[in-house]
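So this one's entry-v1.txt, compact mmCIF, C-alpha atoms:
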```txt
# COMPACT_ATOMS: atom_id res chain seq x y z
CA MET C 24 127.61 100.42 138.65
CA THR C 25 124.28 102.01 137.72
CA LYS C 26 123.95 102.39 133.95
CA ILE C 27 122.02 105.35 132.55
CA LEU C 28 121.10 106.09 128.93
CA VAL C 29 120.58 109.75 127.96
CA ILE C 30 118.71 110.30 124.68
CA GLU C 31 118.88 114.00 123.79
CA ASP C 32 119.32 115.61 120.35
CA GLU C 33 120.67 118.93 121.69
CA GLN C 34 124.39 118.28 122.06
CA VAL C 35 125.04 120.97 124.68
CA ILE C 36 122.24 119.68 126.90
CA ARG C 37 123.24 116.05 126.36
CA ASP C 38 126.90 116.69 127.17
CA ASN C 39 125.97 118.62 130.30
CA ILE C 40 123.71 115.85 131.59
CA LEU C 41 126.40 113.23 130.91
CA LYS C 42 128.97 115.32 132.73
CA LEU C 43 126.75 115.84 135.78
CA LEU C 44 125.85 112.17 136.07
CA LYS C 45 129.43 110.97 135.54
CA ALA C 46 130.49 113.24 138.40
CA GLU C 47 128.00 111.39 140.61
CA GLY C 48 129.56 108.04 139.76
CA PHE C 49 127.01 106.77 137.24
CA ASP C 50 127.95 104.83 134.12
CA VAL C 51 126.33 106.96 131.41
CA THR C 52 125.81 106.54 127.67
CA GLY C 53 124.57 109.25 125.30
CA ALA C 54 122.46 109.01 122.15
CA GLU C 55 121.89 111.93 119.79
CA ASN C 56 118.46 110.94 118.45
CA GLY C 57 115.54 108.62 119.10
CA LEU C 58 116.54 105.92 116.64
CA GLN C 59 120.08 105.71 118.00
CA GLY C 60 118.77 105.69 121.54
CA LEU C 61 116.23 102.95 120.85
CA SER C 62 118.89 100.79 119.23
CA SER C 63 121.16 101.26 122.25
CA ALA C 64 118.35 100.54 124.70
CA MET C 65 117.39 97.34 122.89
CA SER C 66 120.94 96.03 122.70
CA ASN C 67 122.10 96.89 126.24
CA PHE C 68 120.65 96.82 129.74
CA PHE C 69 120.18 100.21 131.44
CA ASP C 70 118.95 100.93 134.94
CA VAL C 71 117.36 104.26 133.95
CA ILE C 72 116.63 105.95 130.62
CA LEU C 73 116.39 109.74 130.32
CA CYS C 74 114.81 110.79 127.02
CA ASP C 75 113.92 114.10 125.38
CA VAL C 76 110.32 114.33 124.18
CA MET C 77 110.74 116.21 120.89
CA MET C 78 113.42 114.88 118.55
CA PRO C 79 113.75 114.39 114.79
CA LYS C 80 113.73 110.90 113.26
CA LEU C 81 111.93 109.33 116.25
CA ASP C 82 110.49 111.35 119.13
CA GLY C 83 110.43 110.32 122.78
CA TYR C 84 106.91 108.92 122.55
CA GLY C 85 108.03 106.57 119.78
CA VAL C 86 111.04 105.45 121.80
CA LEU C 87 108.93 104.76 124.88
CA ALA C 88 106.23 102.91 122.93
CA ALA C 89 108.84 100.63 121.37
CA LEU C 90 110.54 99.94 124.71
CA ARG C 91 107.31 99.18 126.52
CA SER C 92 106.32 96.70 123.80
CA ASN C 93 109.56 94.74 124.34
CA PRO C 94 109.49 92.36 127.35
CA VAL C 95 113.19 92.95 128.02
CA SER C 96 112.86 96.74 128.35
CA ALA C 97 109.22 96.98 129.46
CA THR C 98 110.03 97.74 133.10
CA VAL C 99 113.16 99.91 132.76
CA PRO C 100 112.53 103.27 134.52
CA PHE C 101 111.94 105.94 131.87
CA VAL C 102 112.09 109.70 132.55
CA PHE C 103 111.05 112.28 129.95
CA LEU C 104 113.05 115.49 129.50
CA THR C 105 110.88 118.31 128.23
CA GLY C 106 110.98 122.06 127.69
CA LYS C 107 107.27 122.25 128.51
CA ALA C 108 105.22 121.47 131.58
CA ASP C 109 102.07 120.91 129.58
CA ARG C 110 99.63 118.67 131.43
CA SER C 111 98.26 117.00 128.31
CA GLN C 112 101.77 116.20 127.14
CA MET C 113 102.60 114.67 130.51
CA ARG C 114 99.39 112.67 130.43
CA GLN C 115 100.27 111.27 127.02
CA GLY C 116 103.68 110.18 128.28
CA MET C 117 102.31 108.61 131.43
CA GLU C 118 99.71 106.69 129.45
CA LEU C 119 102.54 105.24 127.35
CA GLY C 120 104.35 104.15 130.51
CA ALA C 121 106.70 107.00 131.46
CA ASP C 122 107.75 107.03 135.11
CA ASP C 123 108.55 110.71 135.55
CA TYR C 124 109.13 114.09 133.86
CA LEU C 125 111.97 116.59 134.23
CA THR C 126 111.16 120.06 132.95
CA LYS C 127 114.05 122.00 131.41
CA PRO C 128 115.96 123.83 132.71
CA PHE C 129 116.51 121.63 135.76
CA THR C 130 119.16 121.73 138.48
CA LYS C 131 121.77 119.11 139.23
CA ALA C 132 119.87 118.22 142.39
CA GLU C 133 116.64 117.71 140.44
CA LEU C 134 118.42 115.55 137.84
CA VAL C 135 120.17 113.32 140.35
CA GLY C 136 117.05 113.24 142.52
CA ALA C 137 114.91 111.97 139.63
CA VAL C 138 117.42 109.22 138.84
CA VAL C 139 117.81 108.11 142.47
CA SER C 140 114.04 108.17 142.99
CA ARG C 141 113.47 105.90 139.99
CA LEU C 142 116.20 103.52 141.18
CA LYS C 143 114.70 103.29 144.66
CA LYS C 144 111.23 102.56 143.32
CA GLN C 145 112.63 99.94 140.97
CA GLN C 146 114.48 98.32 143.85
CA ALA C 147 111.34 98.33 145.99
CA VAL C 148 109.39 96.57 143.24
CA ALA C 149 112.13 93.97 142.92
CA GLU C 150 112.18 93.35 146.68
CA GLN C 151 108.40 93.15 146.82
CA TYR C 152 108.38 90.26 144.41
CA ASN C 153 111.42 88.75 146.13
CA SER C 154 113.15 88.25 142.86
CA GLY C 155 115.92 90.81 143.05
CA ARG C 156 117.44 92.06 139.86
CA ALA C 157 117.60 89.66 136.97
CA ASP C 158 121.01 88.62 135.80
CA ASN C 159 122.33 91.60 133.81
CA ASN C 160 124.42 89.53 131.48
CA LYS C 161 121.49 87.34 130.56
CA ILE C 162 119.22 90.34 129.94
CA THR C 163 121.88 92.06 127.85
CA GLN C 164 122.44 88.92 125.82
CA ASN C 165 118.71 88.42 125.29
CA SER C 166 118.33 92.02 124.17
CA CYS C 167 121.29 91.77 121.80
CA ASN C 168 119.94 88.54 120.40
CA ARG C 169 116.52 90.12 119.86
CA LEU C 170 117.98 93.09 118.00
CA GLU C 171 120.20 90.91 115.86
CA TRP C 172 117.27 88.60 115.16
CA LEU C 173 115.21 91.56 113.94
CA LYS C 174 118.01 92.84 111.73
CA THR C 175 118.60 89.39 110.26
CA ASN C 176 114.98 88.40 109.73
CA LEU C 177 113.57 91.69 108.41
CA TRP C 178 115.05 91.21 104.95
CA GLY C 179 114.01 87.59 104.68
CA ALA C 180 110.52 88.35 105.96
CA LEU C 181 109.73 90.34 102.84
CA GLU C 182 110.89 87.52 100.59
CA ARG C 183 108.95 84.96 102.66
CA GLU C 184 105.80 87.11 102.39
CA GLU C 185 105.43 87.44 106.15
CA PHE C 186 104.39 91.07 105.90
CA GLN C 187 100.77 92.08 105.39
CA VAL C 188 99.08 95.39 104.72
CA TYR C 189 96.01 96.12 106.83
CA TYR C 190 93.55 98.90 106.03
CA GLN C 191 91.77 101.20 108.47
CA PRO C 192 88.66 102.93 107.09
CA GLN C 193 88.38 106.70 106.92
CA VAL C 194 84.74 107.77 107.23
CA ASN C 195 83.09 110.99 106.08
CA LEU C 196 81.34 112.41 109.13
CA LYS C 197 78.53 114.01 107.14
CA THR C 198 77.59 111.08 104.91
CA GLY C 199 78.78 108.14 107.02
CA GLN C 200 80.44 106.69 103.92
CA ILE C 201 83.91 105.16 103.77
CA THR C 202 85.90 107.56 101.60
CA GLY C 203 89.38 106.19 102.07
CA ALA C 204 91.75 103.93 103.94
CA GLU C 205 95.10 104.18 105.65
CA ALA C 206 97.51 101.37 104.77
CA LEU C 207 99.23 99.97 107.87
CA LEU C 208 102.04 97.41 107.92
CA ARG C 209 101.84 94.20 109.96
CA TRP C 210 104.41 91.42 110.48
CA GLN C 211 103.16 87.93 111.27
CA HIS C 212 106.10 85.60 111.87
CA PRO C 213 105.30 81.87 111.50
CA GLU C 214 106.96 81.03 114.83
CA LYS C 215 107.07 84.24 116.89
CA GLY C 216 103.62 85.42 115.88
CA HIS C 217 102.69 89.10 115.69
CA ILE C 218 105.67 91.46 115.92
CA SER C 219 104.76 95.03 116.83
CA PRO C 220 105.54 97.78 114.27
CA ALA C 221 106.84 99.82 117.23
CA GLU C 222 109.56 97.19 117.56
CA PHE C 223 110.57 96.51 113.97
CA ILE C 224 109.95 99.86 112.22
CA PRO C 225 112.75 101.71 114.11
CA VAL C 226 115.14 98.86 113.25
CA ALA C 227 114.06 98.97 109.61
CA GLU C 228 114.60 102.74 109.57
CA GLU C 229 118.02 102.44 111.17
CA THR C 230 119.25 99.71 108.82
CA GLY C 231 117.82 101.27 105.65
CA PHE C 232 115.48 98.35 105.09
CA ILE C 233 112.58 100.77 105.45
CA VAL C 234 113.18 101.96 101.86
CA PRO C 235 112.40 98.67 100.07
CA LEU C 236 109.82 97.79 102.72
CA GLY C 237 108.07 101.13 102.36
CA GLU C 238 108.04 100.83 98.59
CA TRP C 239 106.49 97.36 98.90
CA VAL C 240 103.74 98.80 101.11
CA LEU C 241 103.09 101.57 98.60
CA GLN C 242 102.90 99.11 95.69
CA THR C 243 100.68 96.68 97.62
CA ALA C 244 98.28 99.37 98.77
CA CYS C 245 98.00 100.91 95.30
CA ARG C 246 97.38 97.50 93.69
CA GLN C 247 94.68 96.77 96.25
CA LEU C 248 92.98 100.10 95.62
CA LYS C 249 93.07 99.48 91.88
CA ALA C 250 91.47 96.06 92.44
CA TRP C 251 88.68 97.66 94.47
CA HIS C 252 88.13 100.22 91.74
CA ASN C 253 87.95 97.46 89.13
CA ALA C 254 85.35 95.70 91.30
CA GLY C 255 83.15 98.79 91.20
CA LEU C 256 84.14 100.11 94.64
CA SER C 257 85.24 103.50 93.39
CA GLY C 258 85.62 106.89 95.03
CA LEU C 259 88.26 105.73 97.51
CA ARG C 260 91.57 107.34 98.35
CA MET C 261 94.50 105.36 99.78
CA ALA C 262 96.70 106.96 102.46
CA VAL C 263 100.24 105.57 102.75
CA ASN C 264 102.83 106.67 105.32
CA LEU C 265 106.29 107.71 104.16
CA SER C 266 109.26 107.14 106.45
CA PRO C 267 111.97 109.82 106.82
CA ARG C 268 114.42 107.77 104.73
CA GLN C 269 111.85 107.33 101.97
CA PHE C 270 110.92 110.99 101.95
CA HIS C 271 114.52 112.13 101.67
CA GLN C 272 115.33 109.92 98.69
CA PRO C 273 116.39 112.16 95.79
CA ASN C 274 114.25 110.19 93.31
CA LEU C 275 111.10 109.80 95.41
CA SER C 276 108.67 111.47 92.99
CA SER C 277 109.90 109.42 90.03
CA ARG C 278 109.49 106.21 92.06
CA VAL C 279 105.94 107.14 93.00
CA ALA C 280 105.15 108.09 89.39
CA ARG C 281 106.50 104.75 88.13
CA ILE C 282 104.40 102.76 90.62
CA LEU C 283 101.22 104.64 89.74
CA ALA C 284 101.86 104.23 86.00
CA GLU C 285 102.59 100.49 86.28
CA ILE C 286 99.42 99.88 88.28
CA GLY C 287 97.27 102.28 86.32
CA LEU C 288 96.08 104.18 89.37
CA PRO C 289 95.17 107.88 89.01
CA PRO C 290 97.50 110.03 91.17
CA ASN C 291 94.58 111.76 92.88
CA CYS C 292 93.63 108.41 94.45
CA LEU C 293 96.85 108.37 96.48
CA GLU C 294 97.59 110.36 99.64
CA LEU C 295 101.07 110.34 101.11
CA GLU C 296 101.29 110.93 104.86
CA LEU C 297 104.26 112.80 106.31
CA THR C 298 105.18 113.82 109.86
CA GLU C 299 106.15 117.30 110.99
CA SER C 300 109.71 116.23 111.83
CA MET C 301 110.44 115.52 108.16
CA MET C 302 109.92 119.21 107.37
CA VAL C 303 112.46 120.28 109.98
CA GLN C 304 115.50 118.28 108.92
CA ASP C 305 116.03 120.00 105.56
CA ALA C 306 113.37 122.59 104.75
CA LYS C 307 114.72 123.41 101.28
CA SER C 308 114.90 119.79 100.20
CA ALA C 309 111.50 119.04 101.75
CA SER C 310 109.90 121.87 99.83
CA ALA C 311 111.36 120.64 96.53
CA THR C 312 110.22 117.07 97.18
CA LEU C 313 106.69 118.13 98.09
CA LYS C 314 106.43 120.29 94.98
CA SER C 315 107.46 117.40 92.75
CA LEU C 316 104.91 115.12 94.43
CA LYS C 317 102.17 117.70 94.07
CA ASP C 318 103.07 118.10 90.39
CA LEU C 319 102.28 114.39 90.01
CA GLY C 320 98.78 115.06 91.32
CA VAL C 321 98.95 113.07 94.57
CA PHE C 322 97.51 114.38 97.84
CA ILE C 323 99.79 115.27 100.76
CA SER C 324 98.81 114.83 104.40
CA ILE C 325 100.51 116.11 107.56
CA ASP C 326 100.21 113.30 110.10
CA ASP C 327 100.13 113.40 113.93
CA PHE C 328 99.65 117.16 113.90
CA GLY C 329 100.42 118.83 117.21
CA THR C 330 102.82 116.21 118.59
CA GLY C 331 105.98 117.31 116.80
CA TYR C 332 107.22 120.81 116.13
CA SER C 333 103.78 122.33 115.59
CA SER C 334 104.99 125.38 113.71
CA LEU C 335 102.06 126.94 111.92
CA SER C 336 104.46 128.18 109.26
CA TYR C 337 104.68 124.61 107.92
CA LEU C 338 101.00 124.69 107.04
CA THR C 339 101.42 127.77 104.85
CA GLN C 340 104.92 126.99 103.60
CA TYR C 341 104.20 123.53 102.21
CA PRO C 342 101.42 122.33 99.85
CA PHE C 343 99.46 120.12 102.23
CA ASP C 344 95.93 118.95 101.42
CA THR C 345 95.00 117.20 104.66
CA LEU C 346 95.74 117.69 108.34
CA LYS C 347 95.43 114.70 110.68
CA ILE C 348 94.73 115.45 114.33
CA ASP C 349 96.74 113.08 116.50
CA ARG C 350 94.84 110.59 118.64
CA CYS C 351 96.27 112.02 121.88
CA PHE C 352 94.10 115.13 121.39
CA VAL C 353 90.98 113.14 120.50
CA SER C 354 91.10 110.80 123.49
CA ASN C 355 88.41 111.65 126.06
CA ILE C 356 87.71 114.90 124.22
CA ALA C 357 84.03 114.86 125.20
CA GLU C 358 84.86 115.01 128.91
CA GLY C 359 85.61 118.72 128.88
CA CYS C 360 89.41 118.49 128.96
CA ARG C 361 91.75 121.09 127.46
CA ASN C 362 92.07 118.95 124.36
CA ALA C 363 88.59 120.08 123.32
CA ALA C 364 89.73 123.66 122.86
CA ILE C 365 92.83 122.50 120.99
CA VAL C 366 90.83 120.34 118.59
CA LYS C 367 88.31 123.13 117.90
CA ALA C 368 91.15 125.53 117.12
CA ILE C 369 92.92 123.04 114.85
CA ILE C 370 89.75 122.33 112.86
CA ASN C 371 88.96 126.03 112.41
CA MET C 372 92.53 126.88 111.47
CA ALA C 373 92.79 124.01 108.98
CA HIS C 374 89.51 124.92 107.29
CA SER C 375 90.61 128.55 107.01
CA LEU C 376 93.63 127.25 105.06
CA SER C 377 91.36 125.04 102.89
CA LEU C 378 92.73 121.85 104.43
CA GLU C 379 90.67 118.72 104.97
CA VAL C 380 90.72 117.53 108.59
CA VAL C 381 90.94 113.89 109.69
CA ALA C 382 90.62 112.96 113.38
CA GLU C 383 92.60 109.84 114.32
CA GLY C 384 91.96 107.51 117.23
CA VAL C 385 88.20 108.02 117.52
CA GLU C 386 87.19 105.24 119.91
CA THR C 387 83.81 106.26 121.36
CA GLU C 388 80.53 107.59 120.05
CA ALA C 389 80.94 110.64 122.28
CA GLU C 390 84.27 111.45 120.63
CA LYS C 391 82.72 110.96 117.20
CA ASP C 392 79.80 113.25 118.05
CA PHE C 393 82.13 115.93 119.40
CA ILE C 394 84.36 116.20 116.33
CA SER C 395 81.30 115.99 114.08
CA CYS C 396 79.69 118.90 115.94
CA TYR C 397 82.75 121.04 115.20
CA GLU C 398 82.68 120.09 111.50
CA CYS C 399 85.66 117.79 111.32
CA ASP C 400 85.56 116.26 107.84
CA THR C 401 86.67 112.68 108.42
CA MET C 402 87.19 110.24 111.27
CA GLN C 403 89.41 107.21 111.68
CA GLY C 404 89.51 104.88 114.67
CA TYR C 405 88.33 101.79 116.49
CA TRP C 406 84.82 103.19 117.04
CA PHE C 407 84.16 102.38 113.40
CA SER C 408 86.79 99.72 112.73
CA PRO C 409 90.33 98.70 113.64
CA PRO C 410 92.83 98.10 110.82
CA VAL C 411 91.70 94.94 109.00
CA PRO C 412 92.92 92.69 106.16
CA ALA C 413 91.88 93.58 102.62
CA ALA C 414 89.10 90.98 102.49
CA ASP C 415 87.49 92.32 105.67
CA PHE C 416 87.84 95.91 104.49
CA GLU C 417 86.05 94.97 101.28
CA LYS C 418 83.17 93.56 103.35
CA LEU C 419 82.92 96.90 105.15
CA LEU C 420 82.79 98.68 101.79
CA VAL C 421 80.06 96.43 100.45
CA ARG C 422 78.04 96.65 103.66
```

Please express the file's structure as structure tokens.
Amino acid sequence: MTKILVIEDEQVIRDNILKLLKAEGFDVTGAENGLQGLSSAMSNFFDVILCDVMMPKLDGYGVLAALRSNPVSATVPFVFLTGKADRSQMRQGMELGADDYLTKPFTKAELVGAVVSRLKKQQAVAEQYNSGRADNNKITQNSCNRLEWLKTNLWGALEREEFQVYYQPQVNLKTGQITGAEALLRWQHPEKGHISPAEFIPVAEETGFIVPLGEWVLQTACRQLKAWHNAGLSGLRMAVNLSPRQFHQPNLSSRVARILAEIGLPPNCLELELTESMMVQDAKSASATLKSLKDLGVFISIDDFGTGYSSLSYLTQYPFDTLKIDRCFVSNIAEGCRNAAIVKAIINMAHSLSLEVVAEGVETEAEKDFISCYECDTMQGYWFSPPVPAADFEKLLVR
């Protein structure tokens, strides 16, 4: 029987889809958010995955990126469910490896048609390579083993010092100087090699391991910045991502204050990066947490702007200092696509609110020139440098 996974945070929509597909004879499983759906997809074999684009905790793009990085789930047909028919949004999904889009509201015929179409194409690919479908039991067992391996080894990896923090430079577009760095986590296993963050971060979030792991990243990054300052490489700010579980800890500000005090790092040298979805889950609690962090003197950045809920009220409601334009808007921006107008508007709006603007994912000189022309403050991306170990970052600073 064909197995279908439906990842949708709106219960009414999810239940309706499950009901329609069950009536057609499909074996269907529902997941109420991205993290739950990713866990289910990595521990079971599904013939088709239907996934909402915008969800709290982990959006559809994050789910798809994690699945496509896993050999077991890399070829499973994946259909996005979206309330928008925005071309740039569809392009982003297709670039990540989505197979199709269903725009809400859709009919039963459109839903079933999308599923059947994906199944037929998958079958055609299998027949073309004359391999047929792989043994389901073996795939399921491999996937379960992989998930269990991740859960088991994550905790030990921290003790065995398998994790590393890499640093990607942030460059002032007017001066050309490196003014900061974003700390990015990497896992290098002695036997399995590099393990993608898209694969292990969702598992760490789900299991709660992200809290001690995230605190270790914060401590490591702050110690490294202090070491650079002591070496005479001053004037840098360190950006560190906070996970949803970290952000919603009741004692977050006191933990950050303790780390800064122990290391001797001034609070204004630290920037904490948050995503839009964190503001949605509990607005009252989020506001209180942000206020306590701002009282410490740290900077607050809204990351991946434009890919989540995109409510402009968040920019005026919360005390942000920096707005980071997501890489999906920066890609190919110089080629006259609609993203150009979006980026211009974001930069102008952010500056009118006295926010610093950082463009992520700048990969070409043309993209750099474009955002510079429209007075973006800072760039980050492979055009200047990929994330690198601390020693290599220090060479960039000296050079």

Name the residues in contact with C:Ala121 at a cut-off of 12 Å, using only C-alpha atoms, excluding same-chain residues fewer than 5 positions from it; report them as JSON, numbers by chain.
{"C": [71, 72, 73, 74, 75, 76, 83, 84, 85, 86, 87, 88, 90, 91, 97, 98, 99, 100, 101, 102, 103, 104, 112, 113, 114, 115, 116, 141]}

Set the distance at 10 Å and use only C-alpha atoms: which residues neighbour C:Glu184 once local chain neighbours fewer than 4 positions away are removed? I'd like the list as a list in words.
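Once the nearby chain positions are removed, what remains is Gly179, Ala180, Trp210, Gln211 and His212 of chain C.
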
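Atom CA of C:Thr298 lies 5.0 Å from atom CA of C:Asp326.
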
Extending 8 Å beyond the listed atoms of stretch 43-47 of chain C on each side, what axis-aligned box results? I want centre and edge lengths in Å to one decimal, as AutoDock Vina command-line options.
```
--center_x 128.2 --center_y 113.4 --center_z 138.1 --size_x 20.6 --size_y 20.9 --size_z 21.1
```

Between atom CA of C:Leu44 and atom CA of C:Pro128, what is the distance, to one decimal in Å?
15.7 Å

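Proximity ranking of C:Leu420, C:Leu293, C:Ile356, C:Ile27 relative to C:Glu47 places C:Ile27 first, based on all atoms listed in the file.
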
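Near C:Tyr190, within 7 Å and counting all atoms listed in the file, sit C:Ala204, C:Glu205, C:Ala206, C:Leu207, C:Pro410, C:Val411, C:Pro412, C:Ala413, C:Phe416; same-chain residues fewer than 3 positions away were not included.
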
I'd like the interatomic distance between atom CA of C:Ser408 and atom CA of C:Glu296, to a tenth of an Å.
19.9 Å

Nearest residue to C:Glu398 out of C:Leu208, C:Ala254, C:Leu196, C:Leu170, using all atoms listed in the file?
C:Leu196
